[in-house]
Amino acid sequence: MTLDKQIDLTKLPKHIAIIMDGNGRWAKKRKLPRTIGHTNGVKTVKRIVELARKFNIQVLTLYAFSTENWQRPKDEVSAIMTLLKAYLKSELSNMIKNEISFRVIGDISKMSTAIQEELKTAIDKTKNLKGLVLNIALNYGARQEILMACKKLIDEGIKNPTEQDFADSLYTKGLPDPDLLIRTSGENRISNFLLWQIAYTELYITNVLWPDFKEEDFCKAIIDYQSRDRRFGGI
């Protein structure tokens, strides 16, 4: 029996978040420039988006570029931004065709005008589509997001906010919290990602580097998720 046949389609996670880690190490192992690792990482993004559609996952959130990633070498950052722009240009028609609603979490104001325009175009042209929500984290940091939410509540004069008030002040307003968080490359840390939203998220760590992450690995993560007893603090 293939792995996808072992998945219970009645118990799928509604929202899967992924820390896409290992592009640089993938390239280093092959004595290639880190930029080649990022190029192959984009191929994996396309593959996993298609798999999420196949399994009717409602939301897929991908950690693409953190607030800390600006500290990387300028040529690497430039290459990542070039790949992002190329991805948006090449995949927009495919997103529209497949009813994928493209969204962004993070502060994109620090990105180039050209990138911002591509992002806004993709968001605008897919905002009413009813299929998979593809949520990309760009210039995103969870601590910064939490501070932003606090400032927003203060500005709105809400002195005794509820958890829902706070959630509605986050970038992810209107989306369910992740049921499953996958991290590739074997690192056992959250890396400032969705700190509020993953309070009860199931974590799945794999040693597979992101460019090597295939359908089999995606299925393994879902199967592992389905084997867990999610009690949310109860018995």
# chains A, B, ... in the order shown; residues from 1 in each chain; ligands from 1
call {"tool": "residues_around", "arguments": {"residues": "A:Ser66", "least_positions_apart": "5", "cutoff": "12 Å", "atoms": "only C-alpha atoms", "output": "ChimeraX atom specification"}}
result
/A:19-21,71-72,77,80,105-108,110,136-145,190-194
call {"tool": "write_last_selection", "arguments": {"atoms": "C-alpha atoms", "output": "PDB file, in the first residue's frame"}}
result
ATOM      1  CA  ILE A  19       9.469  25.817   8.107  1.00  0.00           C
ATOM      2  CA  MET A  20      11.291  25.195   4.830  1.00  0.00           C
ATOM      3  CA  ASP A  21      14.826  24.616   6.045  1.00  0.00           C
ATOM      4  CA  GLN A  71      21.432  39.333   7.785  1.00  0.00           C
ATOM      5  CA  ARG A  72      22.426  36.832   5.092  1.00  0.00           C
ATOM      6  CA  VAL A  77      19.075  37.782  -0.348  1.00  0.00           C
ATOM      7  CA  ILE A  80      15.863  34.810  -3.005  1.00  0.00           C
ATOM      8  CA  ILE A 105       1.941  37.439   6.373  1.00  0.00           C
ATOM      9  CA  GLY A 106       4.744  39.766   7.410  1.00  0.00           C
ATOM     10  CA  ASP A 107       5.883  43.318   6.750  1.00  0.00           C
ATOM     11  CA  ILE A 108       6.422  43.583   3.000  1.00  0.00           C
ATOM     12  CA  LYS A 110      10.767  46.724   3.435  1.00  0.00           C
ATOM     13  CA  ILE A 136       3.518  32.903   2.467  1.00  0.00           C
ATOM     14  CA  ALA A 137       5.481  34.356   5.408  1.00  0.00           C
ATOM     15  CA  LEU A 138       7.754  37.118   4.085  1.00  0.00           C
ATOM     16  CA  ASN A 139       9.832  39.420   6.265  1.00  0.00           C
ATOM     17  CA  TYR A 140       7.947  37.698   9.049  1.00  0.00           C
ATOM     18  CA  GLY A 141       8.834  37.389  12.733  1.00  0.00           C
ATOM     19  CA  ALA A 142       6.399  36.172  15.370  1.00  0.00           C
ATOM     20  CA  ARG A 143       7.686  38.471  18.125  1.00  0.00           C
ATOM     21  CA  GLN A 144       7.264  41.452  15.821  1.00  0.00           C
ATOM     22  CA  GLU A 145       3.780  40.244  14.930  1.00  0.00           C
ATOM     23  CA  ILE A 190      10.555  27.163  16.097  1.00  0.00           C
ATOM     24  CA  SER A 191      12.699  30.055  14.791  1.00  0.00           C
ATOM     25  CA  ASN A 192      10.297  32.866  15.662  1.00  0.00           C
ATOM     26  CA  PHE A 193       7.446  31.392  13.597  1.00  0.00           C
ATOM     27  CA  LEU A 194       3.744  31.695  14.499  1.00  0.00           C
TER      28      LEU A 194
END
call {"tool": "select_by_dssp", "arguments": {"residues": "stretch 126-207 of chain A", "states": "alpha helix (DSSP H)", "output": "number ranges by chain"}}
result
A: 126, 142-155, 163-167
call {"tool": "write_last_selection", "arguments": {"atoms": "N, CA, C and O atoms", "output": "mmCIF file, in the first residue's frame"}}
result
data_model
loop_
_atom_site.group_PDB
_atom_site.id
_atom_site.type_symbol
_atom_site.label_atom_id
_atom_site.label_comp_id
_atom_site.auth_asym_id
_atom_site.auth_seq_id
_atom_site.Cartn_x
_atom_site.Cartn_y
_atom_site.Cartn_z
ATOM 1 N N THR A 126 -6.380 36.862 -6.671
ATOM 2 C CA THR A 126 -6.808 35.559 -6.142
ATOM 3 C C THR A 126 -7.638 35.674 -4.869
ATOM 4 O O THR A 126 -8.019 34.663 -4.288
ATOM 5 N N ALA A 142 7.547 36.304 14.473
ATOM 6 C CA ALA A 142 6.399 36.172 15.370
ATOM 7 C C ALA A 142 6.431 37.188 16.516
ATOM 8 O O ALA A 142 5.388 37.702 16.932
ATOM 9 N N ARG A 143 7.617 37.475 17.044
ATOM 10 C CA ARG A 143 7.686 38.471 18.125
ATOM 11 C C ARG A 143 7.241 39.838 17.620
ATOM 12 O O ARG A 143 6.502 40.560 18.305
ATOM 13 N N GLN A 144 7.677 40.181 16.411
ATOM 14 C CA GLN A 144 7.264 41.452 15.821
ATOM 15 C C GLN A 144 5.762 41.473 15.575
ATOM 16 O O GLN A 144 5.102 42.508 15.766
ATOM 17 N N GLU A 145 5.221 40.333 15.164
ATOM 18 C CA GLU A 145 3.780 40.244 14.930
ATOM 19 C C GLU A 145 2.998 40.449 16.225
ATOM 20 O O GLU A 145 1.978 41.152 16.250
ATOM 21 N N ILE A 146 3.480 39.862 17.311
ATOM 22 C CA ILE A 146 2.817 40.002 18.606
ATOM 23 C C ILE A 146 2.878 41.458 19.085
ATOM 24 O O ILE A 146 1.879 42.003 19.582
ATOM 25 N N LEU A 147 4.026 42.101 18.910
ATOM 26 C CA LEU A 147 4.141 43.517 19.263
ATOM 27 C C LEU A 147 3.192 44.371 18.432
ATOM 28 O O LEU A 147 2.544 45.290 18.950
ATOM 29 N N MET A 148 3.111 44.060 17.151
ATOM 30 C CA MET A 148 2.205 44.789 16.253
ATOM 31 C C MET A 148 0.760 44.656 16.733
ATOM 32 O O MET A 148 0.007 45.645 16.763
ATOM 33 N N ALA A 149 0.377 43.434 17.134
ATOM 34 C CA ALA A 149 -0.986 43.200 17.598
ATOM 35 C C ALA A 149 -1.263 43.987 18.882
ATOM 36 O O ALA A 149 -2.341 44.576 19.048
ATOM 37 N N CYS A 150 -0.280 44.028 19.789
ATOM 38 C CA CYS A 150 -0.448 44.783 21.038
ATOM 39 C C CYS A 150 -0.646 46.272 20.754
ATOM 40 O O CYS A 150 -1.539 46.918 21.325
ATOM 41 N N LYS A 151 0.185 46.818 19.870
ATOM 42 C CA LYS A 151 0.076 48.229 19.521
ATOM 43 C C LYS A 151 -1.268 48.533 18.866
ATOM 44 O O LYS A 151 -1.884 49.586 19.110
ATOM 45 N N LYS A 152 -1.739 47.606 18.040
ATOM 46 C CA LYS A 152 -3.023 47.789 17.368
ATOM 47 C C LYS A 152 -4.162 47.841 18.381
ATOM 48 O O LYS A 152 -5.064 48.688 18.288
ATOM 49 N N LEU A 153 -4.127 46.947 19.349
ATOM 50 C CA LEU A 153 -5.172 46.923 20.380
ATOM 51 C C LEU A 153 -5.148 48.202 21.215
ATOM 52 O O LEU A 153 -6.195 48.744 21.574
ATOM 53 N N ILE A 154 -3.939 48.690 21.524
ATOM 54 C CA ILE A 154 -3.812 49.947 22.276
ATOM 55 C C ILE A 154 -4.392 51.101 21.464
ATOM 56 O O ILE A 154 -5.148 51.936 21.984
ATOM 57 N N ASP A 155 -4.033 51.158 20.182
ATOM 58 C CA ASP A 155 -4.525 52.229 19.310
ATOM 59 C C ASP A 155 -6.039 52.210 19.198
ATOM 60 O O ASP A 155 -6.682 53.263 19.034
ATOM 61 N N GLU A 163 -8.831 36.661 23.906
ATOM 62 C CA GLU A 163 -7.929 35.938 23.005
ATOM 63 C C GLU A 163 -8.351 36.155 21.548
ATOM 64 O O GLU A 163 -7.503 36.266 20.657
ATOM 65 N N GLN A 164 -9.663 36.222 21.320
ATOM 66 C CA GLN A 164 -10.145 36.426 19.956
ATOM 67 C C GLN A 164 -9.783 37.823 19.456
ATOM 68 O O GLN A 164 -9.417 37.994 18.290
ATOM 69 N N ASP A 165 -9.868 38.819 20.327
ATOM 70 C CA ASP A 165 -9.455 40.174 19.951
ATOM 71 C C ASP A 165 -7.994 40.175 19.509
ATOM 72 O O ASP A 165 -7.630 40.802 18.520
ATOM 73 N N PHE A 166 -7.170 39.459 20.277
ATOM 74 C CA PHE A 166 -5.752 39.411 19.964
ATOM 75 C C PHE A 166 -5.509 38.687 18.643
ATOM 76 O O PHE A 166 -4.755 39.157 17.785
ATOM 77 N N ALA A 167 -6.174 37.537 18.480
ATOM 78 C CA ALA A 167 -6.018 36.760 17.239
ATOM 79 C C ALA A 167 -6.441 37.579 16.027
ATOM 80 O O ALA A 167 -5.834 37.478 14.953
#
call {"tool": "residues_around", "arguments": {"residues": "stretch 38-45 of chain A", "least_positions_apart": "2", "cutoff": "6 Å", "atoms": "only C-alpha atoms", "output": "VMD selection string"}}
result
chain A and resid 23 35 to 36 47 to 48 211
call {"tool": "closest_atom_pairs", "arguments": {"of": "stretch 139-210 of chain A", "to": "stretch 9-13 of chain A", "cutoff": "8 Å", "atoms": "only C-alpha atoms", "output": "tab-separated table"}}
result
residue	atom	partner	partner_atom	distance
A:Pro178	CA	A:Pro13	CA	7.9
A:Asp179	CA	A:Pro13	CA	5.5
A:Leu180	CA	A:Pro13	CA	6.6
call {"tool": "atom_distance", "arguments": {"atom1": "atom CA of A:Ser227", "atom2": "atom CA of A:Leu195"}}
result
23.9 Å
call {"tool": "atom_distance", "arguments": {"atom1": "atom CA of A:Val208", "atom2": "atom CA of A:Arg228"}}
result
21.3 Å
call {"tool": "residues_around", "arguments": {"residues": "A:Phe218", "least_positions_apart": "6", "cutoff": "10 Å", "atoms": "only C-alpha atoms", "output": "JSON, numbers by chain"}}
result
{"A": [3, 4, 48, 51, 52, 182]}
call {"tool": "closest_residue", "arguments": {"among": "A:Ile158, A:Leu181, A:Leu60, A:Cys219", "to": "A:Leu203", "atoms": "only C-alpha atoms"}}
result
A:Leu181
call {"tool": "atom_distance", "arguments": {"atom1": "atom CA of A:Phe102", "atom2": "atom CA of A:Leu134"}}
result
4.9 Å
call {"tool": "residues_around", "arguments": {"residues": "A:Ala86", "least_positions_apart": "3", "cutoff": "12 Å", "atoms": "only C-alpha atoms", "output": "list in words"}}
result
Thr39, Val42, Lys43, Ala79, Ile80, Met81, Thr82, Leu83, Lys89, Ser90, Glu91, Leu92, Ala114, Ile115, Glu118 and Leu119 of chain A
call {"tool": "closest_residue", "arguments": {"among": "A:Asn160, A:Gln6, A:Ser93, A:Gln58", "to": "A:Leu175", "atoms": "only C-alpha atoms"}}
result
A:Gln58
call {"tool": "closest_residue", "arguments": {"among": "A:Arg25, A:His15, A:Arg230, A:Arg103", "to": "A:Ser185", "atoms": "only C-alpha atoms"}}
result
A:Arg25
call {"tool": "select_by_dssp", "arguments": {"residues": "stretch 2-198 of chain A", "states": "strand (DSSP E or B)", "output": "PyMOL selection string"}}
result
chain A and resi 15-19+59-66+101-105+133-140+180-183
call {"tool": "decode", "arguments": {"residues": "stretch 74-111 of chain A", "atoms": "N, CA, C and O atoms", "output": "PDB file, in the first residue's frame"}}
result
ATOM      1  N   LYS A  74      24.325  39.648   0.875  1.00  0.00           N
ATOM      2  CA  LYS A  74      23.461  40.408  -0.026  1.00  0.00           C
ATOM      3  C   LYS A  74      23.130  39.662  -1.311  1.00  0.00           C
ATOM      4  O   LYS A  74      22.006  39.746  -1.825  1.00  0.00           O
ATOM      5  N   ASP A  75      24.109  38.910  -1.849  1.00  0.00           N
ATOM      6  CA  ASP A  75      23.846  38.201  -3.097  1.00  0.00           C
ATOM      7  C   ASP A  75      22.832  37.084  -2.897  1.00  0.00           C
ATOM      8  O   ASP A  75      22.018  36.795  -3.778  1.00  0.00           O
ATOM      9  N   GLU A  76      22.842  36.465  -1.695  1.00  0.00           N
ATOM     10  CA  GLU A  76      21.869  35.410  -1.406  1.00  0.00           C
ATOM     11  C   GLU A  76      20.468  35.997  -1.239  1.00  0.00           C
ATOM     12  O   GLU A  76      19.491  35.453  -1.765  1.00  0.00           O
ATOM     13  N   VAL A  77      20.374  37.114  -0.513  1.00  0.00           N
ATOM     14  CA  VAL A  77      19.075  37.782  -0.348  1.00  0.00           C
ATOM     15  C   VAL A  77      18.534  38.207  -1.707  1.00  0.00           C
ATOM     16  O   VAL A  77      17.343  38.015  -2.010  1.00  0.00           O
ATOM     17  N   SER A  78      19.383  38.768  -2.540  1.00  0.00           N
ATOM     18  CA  SER A  78      18.978  39.198  -3.878  1.00  0.00           C
ATOM     19  C   SER A  78      18.474  38.024  -4.704  1.00  0.00           C
ATOM     20  O   SER A  78      17.456  38.133  -5.405  1.00  0.00           O
ATOM     21  N   ALA A  79      19.156  36.886  -4.593  1.00  0.00           N
ATOM     22  CA  ALA A  79      18.744  35.698  -5.341  1.00  0.00           C
ATOM     23  C   ALA A  79      17.379  35.197  -4.865  1.00  0.00           C
ATOM     24  O   ALA A  79      16.537  34.801  -5.683  1.00  0.00           O
ATOM     25  N   ILE A  80      17.159  35.243  -3.558  1.00  0.00           N
ATOM     26  CA  ILE A  80      15.863  34.810  -3.005  1.00  0.00           C
ATOM     27  C   ILE A  80      14.741  35.706  -3.527  1.00  0.00           C
ATOM     28  O   ILE A  80      13.669  35.226  -3.911  1.00  0.00           O
ATOM     29  N   MET A  81      14.984  37.012  -3.543  1.00  0.00           N
ATOM     30  CA  MET A  81      13.966  37.939  -4.024  1.00  0.00           C
ATOM     31  C   MET A  81      13.700  37.754  -5.519  1.00  0.00           C
ATOM     32  O   MET A  81      12.553  37.841  -5.979  1.00  0.00           O
ATOM     33  N   THR A  82      14.739  37.471  -6.276  1.00  0.00           N
ATOM     34  CA  THR A  82      14.575  37.214  -7.710  1.00  0.00           C
ATOM     35  C   THR A  82      13.730  35.954  -7.929  1.00  0.00           C
ATOM     36  O   THR A  82      12.847  35.923  -8.792  1.00  0.00           O
ATOM     37  N   LEU A  83      14.000  34.921  -7.131  1.00  0.00           N
ATOM     38  CA  LEU A  83      13.224  33.683  -7.229  1.00  0.00           C
ATOM     39  C   LEU A  83      11.770  33.911  -6.837  1.00  0.00           C
ATOM     40  O   LEU A  83      10.853  33.353  -7.457  1.00  0.00           O
ATOM     41  N   LEU A  84      11.548  34.730  -5.806  1.00  0.00           N
ATOM     42  CA  LEU A  84      10.191  35.039  -5.376  1.00  0.00           C
ATOM     43  C   LEU A  84       9.419  35.729  -6.496  1.00  0.00           C
ATOM     44  O   LEU A  84       8.275  35.364  -6.805  1.00  0.00           O
ATOM     45  N   LYS A  85      10.049  36.720  -7.097  1.00  0.00           N
ATOM     46  CA  LYS A  85       9.400  37.457  -8.188  1.00  0.00           C
ATOM     47  C   LYS A  85       9.093  36.537  -9.363  1.00  0.00           C
ATOM     48  O   LYS A  85       7.986  36.573  -9.933  1.00  0.00           O
ATOM     49  N   ALA A  86      10.047  35.673  -9.712  1.00  0.00           N
ATOM     50  CA  ALA A  86       9.846  34.736 -10.823  1.00  0.00           C
ATOM     51  C   ALA A  86       8.726  33.751 -10.508  1.00  0.00           C
ATOM     52  O   ALA A  86       7.912  33.404 -11.383  1.00  0.00           O
ATOM     53  N   TYR A  87       8.660  33.296  -9.245  1.00  0.00           N
ATOM     54  CA  TYR A  87       7.612  32.357  -8.832  1.00  0.00           C
ATOM     55  C   TYR A  87       6.232  32.988  -8.989  1.00  0.00           C
ATOM     56  O   TYR A  87       5.304  32.371  -9.524  1.00  0.00           O
ATOM     57  N   LEU A  88       6.098  34.216  -8.539  1.00  0.00           N
ATOM     58  CA  LEU A  88       4.811  34.904  -8.631  1.00  0.00           C
ATOM     59  C   LEU A  88       4.384  35.090 -10.079  1.00  0.00           C
ATOM     60  O   LEU A  88       3.215  34.881 -10.427  1.00  0.00           O
ATOM     61  N   LYS A  89       5.321  35.456 -10.932  1.00  0.00           N
ATOM     62  CA  LYS A  89       5.005  35.671 -12.346  1.00  0.00           C
ATOM     63  C   LYS A  89       4.596  34.372 -13.027  1.00  0.00           C
ATOM     64  O   LYS A  89       3.645  34.332 -13.815  1.00  0.00           O
ATOM     65  N   SER A  90       5.325  33.297 -12.724  1.00  0.00           N
ATOM     66  CA  SER A  90       5.077  32.031 -13.414  1.00  0.00           C
ATOM     67  C   SER A  90       3.869  31.272 -12.865  1.00  0.00           C
ATOM     68  O   SER A  90       3.226  30.514 -13.590  1.00  0.00           O
ATOM     69  N   GLU A  91       3.560  31.472 -11.580  1.00  0.00           N
ATOM     70  CA  GLU A  91       2.519  30.663 -10.945  1.00  0.00           C
ATOM     71  C   GLU A  91       1.167  31.354 -10.812  1.00  0.00           C
ATOM     72  O   GLU A  91       0.185  30.706 -10.442  1.00  0.00           O
ATOM     73  N   LEU A  92       1.071  32.634 -11.096  1.00  0.00           N
ATOM     74  CA  LEU A  92      -0.190  33.333 -10.894  1.00  0.00           C
ATOM     75  C   LEU A  92      -1.322  32.717 -11.708  1.00  0.00           C
ATOM     76  O   LEU A  92      -2.418  32.477 -11.177  1.00  0.00           O
ATOM     77  N   SER A  93      -1.084  32.453 -12.974  1.00  0.00           N
ATOM     78  CA  SER A  93      -2.136  31.865 -13.811  1.00  0.00           C
ATOM     79  C   SER A  93      -2.531  30.491 -13.297  1.00  0.00           C
ATOM     80  O   SER A  93      -3.709  30.111 -13.331  1.00  0.00           O
ATOM     81  N   ASN A  94      -1.557  29.739 -12.787  1.00  0.00           N
ATOM     82  CA  ASN A  94      -1.831  28.416 -12.238  1.00  0.00           C
ATOM     83  C   ASN A  94      -2.651  28.522 -10.958  1.00  0.00           C
ATOM     84  O   ASN A  94      -3.565  27.714 -10.713  1.00  0.00           O
ATOM     85  N   MET A  95      -2.357  29.538 -10.136  1.00  0.00           N
ATOM     86  CA  MET A  95      -3.130  29.743  -8.916  1.00  0.00           C
ATOM     87  C   MET A  95      -4.577  30.067  -9.243  1.00  0.00           C
ATOM     88  O   MET A  95      -5.506  29.534  -8.621  1.00  0.00           O
ATOM     89  N   ILE A  96      -4.766  30.922 -10.229  1.00  0.00           N
ATOM     90  CA  ILE A  96      -6.128  31.291 -10.626  1.00  0.00           C
ATOM     91  C   ILE A  96      -6.869  30.069 -11.170  1.00  0.00           C
ATOM     92  O   ILE A  96      -8.021  29.799 -10.812  1.00  0.00           O
ATOM     93  N   LYS A  97      -6.198  29.316 -12.024  1.00  0.00           N
ATOM     94  CA  LYS A  97      -6.798  28.113 -12.620  1.00  0.00           C
ATOM     95  C   LYS A  97      -7.222  27.106 -11.556  1.00  0.00           C
ATOM     96  O   LYS A  97      -8.272  26.470 -11.665  1.00  0.00           O
ATOM     97  N   ASN A  98      -6.403  26.974 -10.510  1.00  0.00           N
ATOM     98  CA  ASN A  98      -6.653  25.963  -9.476  1.00  0.00           C
ATOM     99  C   ASN A  98      -7.323  26.518  -8.225  1.00  0.00           C
ATOM    100  O   ASN A  98      -7.353  25.861  -7.190  1.00  0.00           O
ATOM    101  N   GLU A  99      -7.866  27.745  -8.328  1.00  0.00           N
ATOM    102  CA  GLU A  99      -8.635  28.342  -7.231  1.00  0.00           C
ATOM    103  C   GLU A  99      -7.805  28.502  -5.959  1.00  0.00           C
ATOM    104  O   GLU A  99      -8.318  28.325  -4.843  1.00  0.00           O
ATOM    105  N   ILE A 100      -6.530  28.833  -6.106  1.00  0.00           N
ATOM    106  CA  ILE A 100      -5.651  29.042  -4.948  1.00  0.00           C
ATOM    107  C   ILE A 100      -5.671  30.515  -4.556  1.00  0.00           C
ATOM    108  O   ILE A 100      -5.395  31.390  -5.377  1.00  0.00           O
ATOM    109  N   SER A 101      -5.999  30.774  -3.300  1.00  0.00           N
ATOM    110  CA  SER A 101      -6.025  32.140  -2.783  1.00  0.00           C
ATOM    111  C   SER A 101      -4.668  32.452  -2.156  1.00  0.00           C
ATOM    112  O   SER A 101      -4.268  31.849  -1.155  1.00  0.00           O
ATOM    113  N   PHE A 102      -3.938  33.387  -2.754  1.00  0.00           N
ATOM    114  CA  PHE A 102      -2.591  33.724  -2.311  1.00  0.00           C
ATOM    115  C   PHE A 102      -2.631  34.841  -1.273  1.00  0.00           C
ATOM    116  O   PHE A 102      -3.267  35.870  -1.475  1.00  0.00           O
ATOM    117  N   ARG A 103      -1.958  34.618  -0.161  1.00  0.00           N
ATOM    118  CA  ARG A 103      -1.894  35.630   0.897  1.00  0.00           C
ATOM    119  C   ARG A 103      -0.466  35.747   1.411  1.00  0.00           C
ATOM    120  O   ARG A 103       0.362  34.860   1.206  1.00  0.00           O
ATOM    121  N   VAL A 104      -0.189  36.838   2.108  1.00  0.00           N
ATOM    122  CA  VAL A 104       1.133  37.081   2.681  1.00  0.00           C
ATOM    123  C   VAL A 104       0.982  37.488   4.136  1.00  0.00           C
ATOM    124  O   VAL A 104       0.089  38.270   4.490  1.00  0.00           O
ATOM    125  N   ILE A 105       1.841  36.947   4.997  1.00  0.00           N
ATOM    126  CA  ILE A 105       1.941  37.439   6.373  1.00  0.00           C
ATOM    127  C   ILE A 105       3.350  37.983   6.560  1.00  0.00           C
ATOM    128  O   ILE A 105       4.325  37.406   6.085  1.00  0.00           O
ATOM    129  N   GLY A 106       3.457  39.119   7.221  1.00  0.00           N
ATOM    130  CA  GLY A 106       4.744  39.766   7.410  1.00  0.00           C
ATOM    131  C   GLY A 106       4.701  41.200   6.903  1.00  0.00           C
ATOM    132  O   GLY A 106       3.718  41.640   6.309  1.00  0.00           O
ATOM    133  N   ASP A 107       5.777  41.912   7.142  1.00  0.00           N
ATOM    134  CA  ASP A 107       5.883  43.318   6.750  1.00  0.00           C
ATOM    135  C   ASP A 107       6.596  43.414   5.404  1.00  0.00           C
ATOM    136  O   ASP A 107       7.821  43.377   5.335  1.00  0.00           O
ATOM    137  N   ILE A 108       5.819  43.549   4.336  1.00  0.00           N
ATOM    138  CA  ILE A 108       6.422  43.583   3.000  1.00  0.00           C
ATOM    139  C   ILE A 108       6.867  44.993   2.603  1.00  0.00           C
ATOM    140  O   ILE A 108       7.437  45.176   1.528  1.00  0.00           O
ATOM    141  N   SER A 109       6.659  45.973   3.473  1.00  0.00           N
ATOM    142  CA  SER A 109       7.011  47.353   3.137  1.00  0.00           C
ATOM    143  C   SER A 109       8.520  47.534   2.973  1.00  0.00           C
ATOM    144  O   SER A 109       8.964  48.487   2.323  1.00  0.00           O
ATOM    145  N   LYS A 110       9.314  46.621   3.543  1.00  0.00           N
ATOM    146  CA  LYS A 110      10.767  46.724   3.435  1.00  0.00           C
ATOM    147  C   LYS A 110      11.297  46.078   2.156  1.00  0.00           C
ATOM    148  O   LYS A 110      12.494  46.134   1.887  1.00  0.00           O
ATOM    149  N   MET A 111      10.418  45.481   1.405  1.00  0.00           N
ATOM    150  CA  MET A 111      10.844  44.836   0.164  1.00  0.00           C
ATOM    151  C   MET A 111      10.807  45.845  -0.982  1.00  0.00           C
ATOM    152  O   MET A 111      10.222  46.926  -0.855  1.00  0.00           O
TER     153      MET A 111
END
